[in-house]
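Data file: protein30.txt. Format and content: compact mmCIF, N, CA and C atoms.
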# COMPACT_ATOMS: atom_id res chain seq x y z
N MET A 957 -23.55 120.66 145.41
CA MET A 957 -24.73 121.51 145.40
C MET A 957 -25.25 121.66 146.81
N VAL A 958 -25.71 122.83 147.14
CA VAL A 958 -26.29 123.10 148.45
C VAL A 958 -27.52 122.21 148.62
N GLU A 959 -27.59 121.53 149.76
CA GLU A 959 -28.72 120.65 149.99
C GLU A 959 -30.02 121.43 150.18
N THR A 960 -29.96 122.49 150.98
CA THR A 960 -31.16 123.31 151.18
C THR A 960 -30.76 124.78 151.11
N LEU A 961 -31.57 125.52 150.42
CA LEU A 961 -31.38 126.96 150.33
C LEU A 961 -32.46 127.61 151.18
N ASP A 962 -32.04 128.57 151.99
CA ASP A 962 -33.06 129.29 152.75
C ASP A 962 -33.60 130.44 151.90
N GLU A 963 -34.54 131.16 152.46
CA GLU A 963 -35.21 132.24 151.73
C GLU A 963 -34.22 133.33 151.28
N ILE A 964 -33.24 133.61 152.11
CA ILE A 964 -32.25 134.64 151.76
C ILE A 964 -31.37 134.17 150.60
N ASP A 965 -30.94 132.90 150.63
CA ASP A 965 -30.15 132.36 149.51
C ASP A 965 -30.92 132.46 148.20
N VAL A 966 -32.19 132.12 148.23
CA VAL A 966 -33.02 132.18 147.03
C VAL A 966 -33.12 133.62 146.52
N LYS A 967 -33.30 134.57 147.44
CA LYS A 967 -33.36 135.99 147.05
C LYS A 967 -32.03 136.44 146.44
N ILE A 968 -30.92 136.04 147.06
CA ILE A 968 -29.60 136.40 146.55
C ILE A 968 -29.41 135.86 145.14
N LEU A 969 -29.76 134.63 144.91
CA LEU A 969 -29.62 134.04 143.57
C LEU A 969 -30.46 134.78 142.55
N GLY A 970 -31.67 135.14 142.92
CA GLY A 970 -32.54 135.89 142.00
C GLY A 970 -31.95 137.25 141.65
N ILE A 971 -31.43 137.94 142.65
CA ILE A 971 -30.83 139.25 142.41
C ILE A 971 -29.60 139.11 141.53
N LEU A 972 -28.75 138.14 141.82
CA LEU A 972 -27.52 137.96 141.04
C LEU A 972 -27.83 137.56 139.59
N ARG A 973 -28.91 136.83 139.37
CA ARG A 973 -29.28 136.47 137.99
C ARG A 973 -29.61 137.72 137.17
N GLU A 974 -30.28 138.67 137.80
CA GLU A 974 -30.70 139.88 137.10
C GLU A 974 -29.64 140.96 137.08
N ARG A 975 -28.88 141.06 138.19
CA ARG A 975 -27.90 142.15 138.31
C ARG A 975 -26.61 141.60 138.92
N GLY A 976 -25.87 140.86 138.11
CA GLY A 976 -24.66 140.19 138.58
C GLY A 976 -23.57 141.13 139.07
N ARG A 977 -23.63 142.40 138.71
CA ARG A 977 -22.60 143.37 139.11
C ARG A 977 -22.99 144.15 140.36
N ILE A 978 -24.07 143.78 141.01
CA ILE A 978 -24.50 144.50 142.21
C ILE A 978 -23.42 144.39 143.28
N SER A 979 -23.22 145.46 144.03
CA SER A 979 -22.22 145.44 145.10
C SER A 979 -22.75 144.59 146.27
N TYR A 980 -21.80 144.11 147.07
CA TYR A 980 -22.22 143.34 148.26
C TYR A 980 -23.00 144.22 149.22
N THR A 981 -22.67 145.49 149.27
CA THR A 981 -23.39 146.43 150.14
C THR A 981 -24.86 146.52 149.71
N ASP A 982 -25.08 146.75 148.40
CA ASP A 982 -26.45 146.86 147.91
C ASP A 982 -27.19 145.53 148.00
N LEU A 983 -26.48 144.44 147.72
CA LEU A 983 -27.08 143.11 147.84
C LEU A 983 -27.54 142.87 149.27
N GLY A 984 -26.67 143.19 150.22
CA GLY A 984 -27.01 143.02 151.63
C GLY A 984 -28.23 143.83 152.03
N LYS A 985 -28.29 145.08 151.56
CA LYS A 985 -29.45 145.93 151.88
C LYS A 985 -30.74 145.31 151.36
N GLU A 986 -30.69 144.76 150.16
CA GLU A 986 -31.91 144.20 149.55
C GLU A 986 -32.41 142.94 150.26
N VAL A 987 -31.48 142.19 150.87
CA VAL A 987 -31.90 140.95 151.53
C VAL A 987 -31.85 141.05 153.06
N GLY A 988 -31.51 142.23 153.56
CA GLY A 988 -31.50 142.43 155.01
C GLY A 988 -30.26 141.91 155.71
N LEU A 989 -29.11 141.98 155.05
CA LEU A 989 -27.85 141.55 155.64
C LEU A 989 -26.82 142.66 155.55
N SER A 990 -25.76 142.53 156.34
CA SER A 990 -24.63 143.46 156.21
C SER A 990 -23.84 143.11 154.95
N GLU A 991 -22.94 144.00 154.56
CA GLU A 991 -22.10 143.74 153.39
C GLU A 991 -21.29 142.44 153.59
N GLY A 992 -20.70 142.29 154.77
CA GLY A 992 -19.89 141.10 155.05
C GLY A 992 -20.70 139.82 155.02
N ALA A 993 -21.89 139.87 155.58
CA ALA A 993 -22.76 138.68 155.59
C ALA A 993 -23.20 138.31 154.17
N ALA A 994 -23.49 139.33 153.36
CA ALA A 994 -23.88 139.07 151.97
C ALA A 994 -22.71 138.43 151.21
N ARG A 995 -21.51 138.97 151.43
CA ARG A 995 -20.30 138.43 150.79
C ARG A 995 -20.10 136.96 151.18
N LYS A 996 -20.26 136.66 152.48
CA LYS A 996 -20.09 135.28 152.95
C LYS A 996 -21.14 134.35 152.36
N ARG A 997 -22.37 134.83 152.23
CA ARG A 997 -23.44 134.01 151.63
C ARG A 997 -23.10 133.66 150.18
N VAL A 998 -22.65 134.65 149.41
CA VAL A 998 -22.29 134.41 148.01
C VAL A 998 -21.11 133.44 147.95
N GLN A 999 -20.11 133.64 148.79
CA GLN A 999 -18.95 132.75 148.82
C GLN A 999 -19.38 131.31 149.13
N LYS A 1000 -20.29 131.16 150.08
CA LYS A 1000 -20.80 129.83 150.45
C LYS A 1000 -21.54 129.18 149.27
N LEU A 1001 -22.32 129.99 148.54
CA LEU A 1001 -23.04 129.47 147.37
C LEU A 1001 -22.07 129.04 146.27
N VAL A 1002 -20.97 129.75 146.13
CA VAL A 1002 -19.95 129.38 145.15
C VAL A 1002 -19.24 128.10 145.59
N GLU A 1003 -18.79 128.06 146.83
CA GLU A 1003 -18.04 126.90 147.34
C GLU A 1003 -18.87 125.63 147.33
N SER A 1004 -20.17 125.76 147.55
CA SER A 1004 -21.04 124.58 147.58
C SER A 1004 -21.38 124.08 146.18
N GLY A 1005 -21.09 124.90 145.17
CA GLY A 1005 -21.41 124.50 143.79
C GLY A 1005 -22.76 124.98 143.33
N CYS A 1006 -23.50 125.66 144.20
CA CYS A 1006 -24.80 126.18 143.80
C CYS A 1006 -24.62 127.23 142.70
N ILE A 1007 -23.63 128.10 142.86
CA ILE A 1007 -23.24 129.04 141.80
C ILE A 1007 -22.02 128.43 141.13
N GLU A 1008 -22.17 128.05 139.87
CA GLU A 1008 -21.07 127.41 139.16
C GLU A 1008 -20.11 128.43 138.57
N LYS A 1009 -20.65 129.56 138.07
CA LYS A 1009 -19.78 130.58 137.50
C LYS A 1009 -20.54 131.88 137.37
N PHE A 1010 -19.79 132.94 137.27
CA PHE A 1010 -20.35 134.25 136.99
C PHE A 1010 -20.06 134.52 135.52
N THR A 1011 -20.99 135.12 134.83
CA THR A 1011 -20.81 135.36 133.40
C THR A 1011 -21.40 136.71 133.03
N ILE A 1012 -21.24 137.08 131.79
CA ILE A 1012 -21.82 138.33 131.33
C ILE A 1012 -22.73 138.07 130.15
N GLU A 1013 -23.63 139.00 129.95
CA GLU A 1013 -24.50 138.99 128.79
C GLU A 1013 -24.28 140.32 128.10
N THR A 1014 -24.03 140.29 126.81
CA THR A 1014 -23.79 141.54 126.11
C THR A 1014 -25.07 142.03 125.46
N THR A 1015 -25.11 143.31 125.18
CA THR A 1015 -26.27 143.90 124.54
C THR A 1015 -26.03 144.12 123.06
N THR A 1016 -24.94 143.60 122.56
CA THR A 1016 -24.58 143.78 121.16
C THR A 1016 -25.67 143.24 120.25
N LYS A 1017 -26.03 143.98 119.26
CA LYS A 1017 -27.09 143.58 118.33
C LYS A 1017 -26.53 142.75 117.17
N GLU A 1018 -25.20 142.75 117.04
CA GLU A 1018 -24.57 141.98 115.97
C GLU A 1018 -24.64 140.50 116.30
N GLY A 1019 -24.72 139.70 115.28
CA GLY A 1019 -24.67 138.26 115.49
C GLY A 1019 -26.04 137.63 115.46
N ILE A 1020 -26.00 136.33 115.58
CA ILE A 1020 -27.21 135.53 115.51
C ILE A 1020 -27.11 134.41 116.54
N ALA A 1021 -28.24 133.97 117.03
CA ALA A 1021 -28.28 132.86 117.98
C ALA A 1021 -29.23 131.80 117.45
N ALA A 1022 -28.96 130.57 117.81
CA ALA A 1022 -29.83 129.46 117.42
C ALA A 1022 -29.80 128.43 118.53
N ILE A 1023 -30.84 127.63 118.56
CA ILE A 1023 -30.93 126.50 119.48
C ILE A 1023 -30.98 125.26 118.62
N ILE A 1024 -30.11 124.31 118.90
CA ILE A 1024 -30.14 123.05 118.16
C ILE A 1024 -30.56 121.94 119.11
N LEU A 1025 -31.54 121.18 118.68
CA LEU A 1025 -32.04 120.03 119.43
C LEU A 1025 -31.43 118.79 118.78
N VAL A 1026 -30.88 117.91 119.58
CA VAL A 1026 -30.12 116.77 119.06
C VAL A 1026 -30.67 115.46 119.61
N SER A 1027 -30.89 114.50 118.70
CA SER A 1027 -31.21 113.13 119.11
C SER A 1027 -29.93 112.32 119.04
N VAL A 1028 -29.73 111.49 120.05
CA VAL A 1028 -28.51 110.70 120.16
C VAL A 1028 -28.86 109.23 119.92
N SER A 1029 -28.03 108.54 119.13
CA SER A 1029 -28.27 107.11 118.91
C SER A 1029 -28.00 106.34 120.20
N THR A 1030 -28.62 105.20 120.34
CA THR A 1030 -28.50 104.42 121.58
C THR A 1030 -27.12 103.80 121.77
N GLU A 1031 -26.30 103.78 120.71
CA GLU A 1031 -24.97 103.18 120.80
C GLU A 1031 -23.96 104.06 121.52
N VAL A 1032 -24.25 105.36 121.63
CA VAL A 1032 -23.30 106.29 122.24
C VAL A 1032 -23.98 106.97 123.43
N PRO A 1033 -23.31 107.00 124.59
CA PRO A 1033 -23.92 107.65 125.76
C PRO A 1033 -24.16 109.14 125.53
N THR A 1034 -25.30 109.61 125.93
CA THR A 1034 -25.67 111.01 125.76
C THR A 1034 -24.65 111.98 126.36
N PRO A 1035 -24.13 111.73 127.59
CA PRO A 1035 -23.13 112.66 128.13
C PRO A 1035 -21.88 112.78 127.26
N GLU A 1036 -21.51 111.72 126.60
CA GLU A 1036 -20.35 111.74 125.70
C GLU A 1036 -20.61 112.67 124.51
N ILE A 1037 -21.80 112.59 123.95
CA ILE A 1037 -22.18 113.46 122.83
C ILE A 1037 -22.25 114.91 123.31
N ALA A 1038 -22.85 115.14 124.46
CA ALA A 1038 -22.98 116.50 125.01
C ALA A 1038 -21.60 117.13 125.20
N GLU A 1039 -20.65 116.36 125.69
CA GLU A 1039 -19.29 116.87 125.92
C GLU A 1039 -18.62 117.22 124.59
N LYS A 1040 -18.81 116.40 123.57
CA LYS A 1040 -18.23 116.69 122.26
C LYS A 1040 -18.84 117.96 121.67
N ILE A 1041 -20.15 118.12 121.82
CA ILE A 1041 -20.83 119.31 121.31
C ILE A 1041 -20.34 120.55 122.05
N ARG A 1042 -20.14 120.44 123.36
CA ARG A 1042 -19.69 121.56 124.18
C ARG A 1042 -18.37 122.13 123.70
N LYS A 1043 -17.52 121.31 123.12
CA LYS A 1043 -16.19 121.73 122.69
C LYS A 1043 -16.17 122.39 121.30
N ILE A 1044 -17.30 122.40 120.62
CA ILE A 1044 -17.37 122.97 119.27
C ILE A 1044 -17.47 124.49 119.36
N GLY A 1045 -16.69 125.18 118.54
CA GLY A 1045 -16.71 126.64 118.51
C GLY A 1045 -18.09 127.16 118.15
N GLY A 1046 -18.54 128.17 118.87
CA GLY A 1046 -19.86 128.74 118.64
C GLY A 1046 -20.93 128.18 119.56
N VAL A 1047 -20.61 127.11 120.27
CA VAL A 1047 -21.57 126.53 121.22
C VAL A 1047 -21.40 127.24 122.55
N GLU A 1048 -22.45 127.90 123.00
CA GLU A 1048 -22.41 128.66 124.26
C GLU A 1048 -22.76 127.79 125.46
N THR A 1049 -23.84 127.01 125.34
CA THR A 1049 -24.34 126.22 126.46
C THR A 1049 -24.91 124.92 125.92
N VAL A 1050 -24.74 123.84 126.67
CA VAL A 1050 -25.28 122.54 126.29
C VAL A 1050 -26.10 122.00 127.46
N TYR A 1051 -27.28 121.48 127.13
CA TYR A 1051 -28.16 120.90 128.14
C TYR A 1051 -28.48 119.46 127.75
N GLU A 1052 -28.46 118.56 128.70
CA GLU A 1052 -29.01 117.23 128.50
C GLU A 1052 -30.47 117.34 128.89
N VAL A 1053 -31.38 116.94 128.01
CA VAL A 1053 -32.80 117.17 128.23
C VAL A 1053 -33.60 115.88 128.10
N ALA A 1054 -34.82 115.91 128.59
CA ALA A 1054 -35.74 114.79 128.46
C ALA A 1054 -36.79 115.15 127.43
N GLY A 1055 -37.31 114.17 126.75
CA GLY A 1055 -38.34 114.41 125.74
C GLY A 1055 -37.94 113.81 124.41
N GLN A 1056 -38.44 114.39 123.35
CA GLN A 1056 -38.17 113.88 122.01
C GLN A 1056 -36.68 113.95 121.66
N PHE A 1057 -35.98 114.96 122.17
CA PHE A 1057 -34.56 115.12 121.91
C PHE A 1057 -33.77 114.86 123.18
N ASP A 1058 -32.47 114.58 123.02
CA ASP A 1058 -31.61 114.23 124.15
C ASP A 1058 -30.72 115.37 124.61
N VAL A 1059 -30.38 116.26 123.68
CA VAL A 1059 -29.47 117.36 123.97
C VAL A 1059 -30.02 118.62 123.31
N ALA A 1060 -29.89 119.76 124.00
CA ALA A 1060 -30.21 121.06 123.43
C ALA A 1060 -28.98 121.93 123.63
N ALA A 1061 -28.62 122.70 122.61
CA ALA A 1061 -27.45 123.57 122.72
C ALA A 1061 -27.78 124.95 122.18
N LEU A 1062 -27.25 125.97 122.83
CA LEU A 1062 -27.38 127.34 122.37
C LEU A 1062 -26.14 127.68 121.56
N LEU A 1063 -26.34 128.14 120.34
CA LEU A 1063 -25.25 128.48 119.44
C LEU A 1063 -25.28 129.98 119.17
N THR A 1064 -24.11 130.58 119.00
CA THR A 1064 -24.05 131.98 118.59
C THR A 1064 -22.97 132.14 117.54
N GLY A 1065 -23.15 133.13 116.68
CA GLY A 1065 -22.16 133.41 115.65
C GLY A 1065 -22.36 134.78 115.06
N GLU A 1066 -21.41 135.19 114.24
CA GLU A 1066 -21.47 136.52 113.63
C GLU A 1066 -22.58 136.63 112.59
N GLY A 1067 -22.94 135.51 112.01
CA GLY A 1067 -23.98 135.51 111.00
C GLY A 1067 -24.52 134.11 110.79
N LEU A 1068 -25.47 134.00 109.89
CA LEU A 1068 -26.11 132.72 109.63
C LEU A 1068 -25.11 131.66 109.15
N SER A 1069 -24.15 132.05 108.34
CA SER A 1069 -23.18 131.08 107.82
C SER A 1069 -22.31 130.50 108.95
N THR A 1070 -21.96 131.34 109.94
CA THR A 1070 -21.15 130.83 111.06
C THR A 1070 -21.95 129.84 111.90
N VAL A 1071 -23.20 130.18 112.17
CA VAL A 1071 -24.05 129.29 112.95
C VAL A 1071 -24.30 128.01 112.16
N ASN A 1072 -24.50 128.13 110.84
CA ASN A 1072 -24.73 126.96 110.01
C ASN A 1072 -23.51 126.03 110.02
N SER A 1073 -22.30 126.59 110.03
CA SER A 1073 -21.09 125.77 110.11
C SER A 1073 -21.04 125.00 111.43
N CYS A 1074 -21.46 125.65 112.49
CA CYS A 1074 -21.51 125.01 113.81
C CYS A 1074 -22.52 123.86 113.79
N VAL A 1075 -23.68 124.09 113.19
CA VAL A 1075 -24.70 123.05 113.06
C VAL A 1075 -24.14 121.86 112.27
N ASP A 1076 -23.46 122.15 111.17
CA ASP A 1076 -22.86 121.08 110.35
C ASP A 1076 -21.86 120.27 111.15
N GLU A 1077 -21.06 120.95 111.98
CA GLU A 1077 -20.07 120.24 112.79
C GLU A 1077 -20.76 119.36 113.83
N ILE A 1078 -21.83 119.83 114.41
CA ILE A 1078 -22.58 119.02 115.38
C ILE A 1078 -23.16 117.80 114.70
N ARG A 1079 -23.68 117.97 113.51
CA ARG A 1079 -24.27 116.84 112.77
C ARG A 1079 -23.24 115.77 112.42
N ARG A 1080 -21.95 116.16 112.34
CA ARG A 1080 -20.89 115.20 112.03
C ARG A 1080 -20.41 114.42 113.25
N VAL A 1081 -20.84 114.80 114.44
CA VAL A 1081 -20.43 114.07 115.65
C VAL A 1081 -21.00 112.67 115.59
N ILE A 1082 -20.13 111.69 115.74
CA ILE A 1082 -20.57 110.29 115.70
C ILE A 1082 -21.50 110.03 116.88
N GLY A 1083 -22.69 109.54 116.59
CA GLY A 1083 -23.69 109.27 117.61
C GLY A 1083 -24.87 110.22 117.52
N VAL A 1084 -24.72 111.32 116.76
CA VAL A 1084 -25.84 112.23 116.54
C VAL A 1084 -26.70 111.63 115.45
N SER A 1085 -27.96 111.35 115.75
CA SER A 1085 -28.82 110.70 114.77
C SER A 1085 -29.80 111.66 114.09
N ASP A 1086 -30.12 112.79 114.75
CA ASP A 1086 -31.07 113.74 114.17
C ASP A 1086 -30.90 115.08 114.86
N THR A 1087 -31.20 116.16 114.13
CA THR A 1087 -31.16 117.49 114.73
C THR A 1087 -32.35 118.31 114.27
N ASN A 1088 -32.66 119.32 115.03
CA ASN A 1088 -33.67 120.31 114.66
C ASN A 1088 -33.13 121.66 115.13
N THR A 1089 -32.94 122.58 114.20
CA THR A 1089 -32.33 123.87 114.54
C THR A 1089 -33.38 124.97 114.53
N LEU A 1090 -33.37 125.78 115.58
CA LEU A 1090 -34.29 126.90 115.73
C LEU A 1090 -33.47 128.18 115.76
N VAL A 1091 -33.68 129.07 114.80
CA VAL A 1091 -32.99 130.35 114.78
C VAL A 1091 -33.76 131.31 115.69
N VAL A 1092 -33.04 131.97 116.58
CA VAL A 1092 -33.66 132.91 117.51
C VAL A 1092 -33.95 134.21 116.78
N LEU A 1093 -35.21 134.62 116.80
CA LEU A 1093 -35.61 135.87 116.15
C LEU A 1093 -35.56 137.06 117.13
N ARG A 1094 -35.96 136.79 118.37
CA ARG A 1094 -36.02 137.84 119.37
C ARG A 1094 -35.88 137.20 120.75
N LYS A 1095 -35.22 137.89 121.65
CA LYS A 1095 -35.05 137.40 123.01
C LYS A 1095 -35.91 138.21 123.95
N TRP A 1096 -36.69 137.53 124.79
CA TRP A 1096 -37.54 138.18 125.79
C TRP A 1096 -36.99 137.84 127.17
N ARG A 1097 -37.02 138.80 128.07
CA ARG A 1097 -36.57 138.56 129.44
C ARG A 1097 -37.74 138.68 130.37

This entry written out as structure tokens:
Amino acid sequence: MVETLDEIDVKILGILRERGRISYTDLGKEVGLSEGAARKRVQKLVESGCIEKFTIETTTKEGIAAIILVSVSTEVPTPEIAEKIRKIGGVETVYEVAGQFDVAALLTGEGLSTVNSCVDEIRRVIGVSDTNTLVVLRKWR
């Protein structure tokens, strides 16, 4: 991970979060750099691990999303449970969190039954002691 990000790096990250397909030319113009300098900045952010991956978000209205909050028993390390959950089909993202729950995961599926199957599979992971599932009704940006 980059130890320190300057103001331009922070601006670049913000722009890429919102418009990941922006050209290096347009990115450079927005942050006051040439196309080549913008390209090098992004490459440096990738190489340093600050940018882990580029991804897409679809606008498809089909499907359903849910967030599952997971409590982990003290006998099994939380990272081990998180890794097992990450490998389950339908799991998009897994977070290790602090608070009442130990892990939060974003699930997606074609319908409620697919997401419910994913939840059932997570509940069967040895070391999962409790879950709370939240079905996403609407996404705000």

Gap from atom CA of Tyr980 of chain A to atom N of Cys1006 of chain A - Å, one decimal: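 Going from atom CA of Tyr980 of chain A over to atom N of Cys1006 of chain A, I get 18.2 Å.
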
Those of segment 962-1084 of chain A in DSSP strand (DSSP E or B), formatted as a list in words: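 Answer for segment 962-1084 of chain A restricted to strand (DSSP E or B) is Ile1020, Ala1021, Ala1022, Ile1023, Ile1024, Leu1025, Val1026, Ser1027, Val1028, Val1047, Glu1048, Thr1049, Val1050, Tyr1051, Glu1052, Val1059, Ala1060, Ala1061, Leu1062, Leu1063, Thr1064, Gly1065 and Val1084 of chain A.
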
Residues near segment 1075-1089 of chain A, cut-off 7 Å, only N, CA and C atoms, skip fewer than 4 positions along chain, as a ChimeraX atom specification: /A:1022-1032,1037,1041,1070-1071

Point-to-point distance from atom CA of Glu1039 of chain A to atom CA of Ile1007 of chain A, Å rounded to tenths: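 Distance between the two atoms: 20.4 Å.
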
Pick out each residue of chain A that DSSP on the backbone tags as helix (DSSP H, G or I); I need them as a short mmCIF file (atom, residue, chain, number, x, y, z; two decimals) with N, CA and C atoms, in the frame of the given file.
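Saved as states_27.cif:
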data_model
loop_
_atom_site.label_atom_id
_atom_site.label_comp_id
_atom_site.auth_asym_id
_atom_site.auth_seq_id
_atom_site.Cartn_x
_atom_site.Cartn_y
_atom_site.Cartn_z
N GLU A 963 -34.54 131.16 152.46
CA GLU A 963 -35.21 132.24 151.73
C GLU A 963 -34.22 133.33 151.28
N ILE A 964 -33.24 133.61 152.11
CA ILE A 964 -32.25 134.64 151.76
C ILE A 964 -31.37 134.17 150.60
N ASP A 965 -30.94 132.90 150.63
CA ASP A 965 -30.15 132.36 149.51
C ASP A 965 -30.92 132.46 148.20
N VAL A 966 -32.19 132.12 148.23
CA VAL A 966 -33.02 132.18 147.03
C VAL A 966 -33.12 133.62 146.52
N LYS A 967 -33.30 134.57 147.44
CA LYS A 967 -33.36 135.99 147.05
C LYS A 967 -32.03 136.44 146.44
N ILE A 968 -30.92 136.04 147.06
CA ILE A 968 -29.60 136.40 146.55
C ILE A 968 -29.41 135.86 145.14
N LEU A 969 -29.76 134.63 144.91
CA LEU A 969 -29.62 134.04 143.57
C LEU A 969 -30.46 134.78 142.55
N GLY A 970 -31.67 135.14 142.92
CA GLY A 970 -32.54 135.89 142.00
C GLY A 970 -31.95 137.25 141.65
N ILE A 971 -31.43 137.94 142.65
CA ILE A 971 -30.83 139.25 142.41
C ILE A 971 -29.60 139.11 141.53
N LEU A 972 -28.75 138.14 141.82
CA LEU A 972 -27.52 137.96 141.04
C LEU A 972 -27.83 137.56 139.59
N ARG A 973 -28.91 136.83 139.37
CA ARG A 973 -29.28 136.47 137.99
C ARG A 973 -29.61 137.72 137.17
N GLU A 974 -30.28 138.67 137.80
CA GLU A 974 -30.70 139.88 137.10
C GLU A 974 -29.64 140.96 137.08
N TYR A 980 -21.80 144.11 147.07
CA TYR A 980 -22.22 143.34 148.26
C TYR A 980 -23.00 144.22 149.22
N THR A 981 -22.67 145.49 149.27
CA THR A 981 -23.39 146.43 150.14
C THR A 981 -24.86 146.52 149.71
N ASP A 982 -25.08 146.75 148.40
CA ASP A 982 -26.45 146.86 147.91
C ASP A 982 -27.19 145.53 148.00
N LEU A 983 -26.48 144.44 147.72
CA LEU A 983 -27.08 143.11 147.84
C LEU A 983 -27.54 142.87 149.27
N GLY A 984 -26.67 143.19 150.22
CA GLY A 984 -27.01 143.02 151.63
C GLY A 984 -28.23 143.83 152.03
N LYS A 985 -28.29 145.08 151.56
CA LYS A 985 -29.45 145.93 151.88
C LYS A 985 -30.74 145.31 151.36
N GLU A 986 -30.69 144.76 150.16
CA GLU A 986 -31.91 144.20 149.55
C GLU A 986 -32.41 142.94 150.26
N VAL A 987 -31.48 142.19 150.87
CA VAL A 987 -31.90 140.95 151.53
C VAL A 987 -31.85 141.05 153.06
N GLU A 991 -22.94 144.00 154.56
CA GLU A 991 -22.10 143.74 153.39
C GLU A 991 -21.29 142.44 153.59
N GLY A 992 -20.70 142.29 154.77
CA GLY A 992 -19.89 141.10 155.05
C GLY A 992 -20.70 139.82 155.02
N ALA A 993 -21.89 139.87 155.58
CA ALA A 993 -22.76 138.68 155.59
C ALA A 993 -23.20 138.31 154.17
N ALA A 994 -23.49 139.33 153.36
CA ALA A 994 -23.88 139.07 151.97
C ALA A 994 -22.71 138.43 151.21
N ARG A 995 -21.51 138.97 151.43
CA ARG A 995 -20.30 138.43 150.79
C ARG A 995 -20.10 136.96 151.18
N LYS A 996 -20.26 136.66 152.48
CA LYS A 996 -20.09 135.28 152.95
C LYS A 996 -21.14 134.35 152.36
N ARG A 997 -22.37 134.83 152.23
CA ARG A 997 -23.44 134.01 151.63
C ARG A 997 -23.10 133.66 150.18
N VAL A 998 -22.65 134.65 149.41
CA VAL A 998 -22.29 134.41 148.01
C VAL A 998 -21.11 133.44 147.95
N GLN A 999 -20.11 133.64 148.79
CA GLN A 999 -18.95 132.75 148.82
C GLN A 999 -19.38 131.31 149.13
N LYS A 1000 -20.29 131.16 150.08
CA LYS A 1000 -20.80 129.83 150.45
C LYS A 1000 -21.54 129.18 149.27
N LEU A 1001 -22.32 129.99 148.54
CA LEU A 1001 -23.04 129.47 147.37
C LEU A 1001 -22.07 129.04 146.27
N VAL A 1002 -20.97 129.75 146.13
CA VAL A 1002 -19.95 129.38 145.15
C VAL A 1002 -19.24 128.10 145.59
N GLU A 1003 -18.79 128.06 146.83
CA GLU A 1003 -18.04 126.90 147.34
C GLU A 1003 -18.87 125.63 147.33
N THR A 1034 -25.30 109.61 125.93
CA THR A 1034 -25.67 111.01 125.76
C THR A 1034 -24.65 111.98 126.36
N PRO A 1035 -24.13 111.73 127.59
CA PRO A 1035 -23.13 112.66 128.13
C PRO A 1035 -21.88 112.78 127.26
N GLU A 1036 -21.51 111.72 126.60
CA GLU A 1036 -20.35 111.74 125.70
C GLU A 1036 -20.61 112.67 124.51
N ILE A 1037 -21.80 112.59 123.95
CA ILE A 1037 -22.18 113.46 122.83
C ILE A 1037 -22.25 114.91 123.31
N ALA A 1038 -22.85 115.14 124.46
CA ALA A 1038 -22.98 116.50 125.01
C ALA A 1038 -21.60 117.13 125.20
N GLU A 1039 -20.65 116.36 125.69
CA GLU A 1039 -19.29 116.87 125.92
C GLU A 1039 -18.62 117.22 124.59
N LYS A 1040 -18.81 116.40 123.57
CA LYS A 1040 -18.23 116.69 122.26
C LYS A 1040 -18.84 117.96 121.67
N ILE A 1041 -20.15 118.12 121.82
CA ILE A 1041 -20.83 119.31 121.31
C ILE A 1041 -20.34 120.55 122.05
N ARG A 1042 -20.14 120.44 123.36
CA ARG A 1042 -19.69 121.56 124.18
C ARG A 1042 -18.37 122.13 123.70
N LEU A 1068 -25.47 134.00 109.89
CA LEU A 1068 -26.11 132.72 109.63
C LEU A 1068 -25.11 131.66 109.15
N SER A 1069 -24.15 132.05 108.34
CA SER A 1069 -23.18 131.08 107.82
C SER A 1069 -22.31 130.50 108.95
N THR A 1070 -21.96 131.34 109.94
CA THR A 1070 -21.15 130.83 111.06
C THR A 1070 -21.95 129.84 111.90
N VAL A 1071 -23.20 130.18 112.17
CA VAL A 1071 -24.05 129.29 112.95
C VAL A 1071 -24.30 128.01 112.16
N ASN A 1072 -24.50 128.13 110.84
CA ASN A 1072 -24.73 126.96 110.01
C ASN A 1072 -23.51 126.03 110.02
N SER A 1073 -22.30 126.59 110.03
CA SER A 1073 -21.09 125.77 110.11
C SER A 1073 -21.04 125.00 111.43
N CYS A 1074 -21.46 125.65 112.49
CA CYS A 1074 -21.51 125.01 113.81
C CYS A 1074 -22.52 123.86 113.79
N VAL A 1075 -23.68 124.09 113.19
CA VAL A 1075 -24.70 123.05 113.06
C VAL A 1075 -24.14 121.86 112.27
N ASP A 1076 -23.46 122.15 111.17
CA ASP A 1076 -22.86 121.08 110.35
C ASP A 1076 -21.86 120.27 111.15
N GLU A 1077 -21.06 120.95 111.98
CA GLU A 1077 -20.07 120.24 112.79
C GLU A 1077 -20.76 119.36 113.83
N ILE A 1078 -21.83 119.83 114.41
CA ILE A 1078 -22.58 119.02 115.38
C ILE A 1078 -23.16 117.80 114.70
N ARG A 1079 -23.68 117.97 113.51
CA ARG A 1079 -24.27 116.84 112.77
C ARG A 1079 -23.24 115.77 112.42
#

A:Ile1044, A:Leu1093, A:Ala1038, A:Ala1021 ranked by distance to Leu1063 of chain A, top pick (using only N, CA and C atoms): A:Ala1021

Residue neighbourhood Thr1049 of chain A, 7 Å, only N, CA and C atoms, exclusion window fewer than 6 positions, as a ChimeraX atom specification: /A:1042,1060-1063

Go ahead and write the selection's residues with N, CA and C atoms as a compact mmCIF listing (two decimals), in the frame of the given file.
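Written out: out.txt:
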# COMPACT_ATOMS: atom_id res chain seq x y z
N ARG A 1042 -20.14 120.44 123.36
CA ARG A 1042 -19.69 121.56 124.18
C ARG A 1042 -18.37 122.13 123.70
N ALA A 1060 -29.89 119.76 124.00
CA ALA A 1060 -30.21 121.06 123.43
C ALA A 1060 -28.98 121.93 123.63
N ALA A 1061 -28.62 122.70 122.61
CA ALA A 1061 -27.45 123.57 122.72
C ALA A 1061 -27.78 124.95 122.18
N LEU A 1062 -27.25 125.97 122.83
CA LEU A 1062 -27.38 127.34 122.37
C LEU A 1062 -26.14 127.68 121.56
N LEU A 1063 -26.34 128.14 120.34
CA LEU A 1063 -25.25 128.48 119.44
C LEU A 1063 -25.28 129.98 119.17
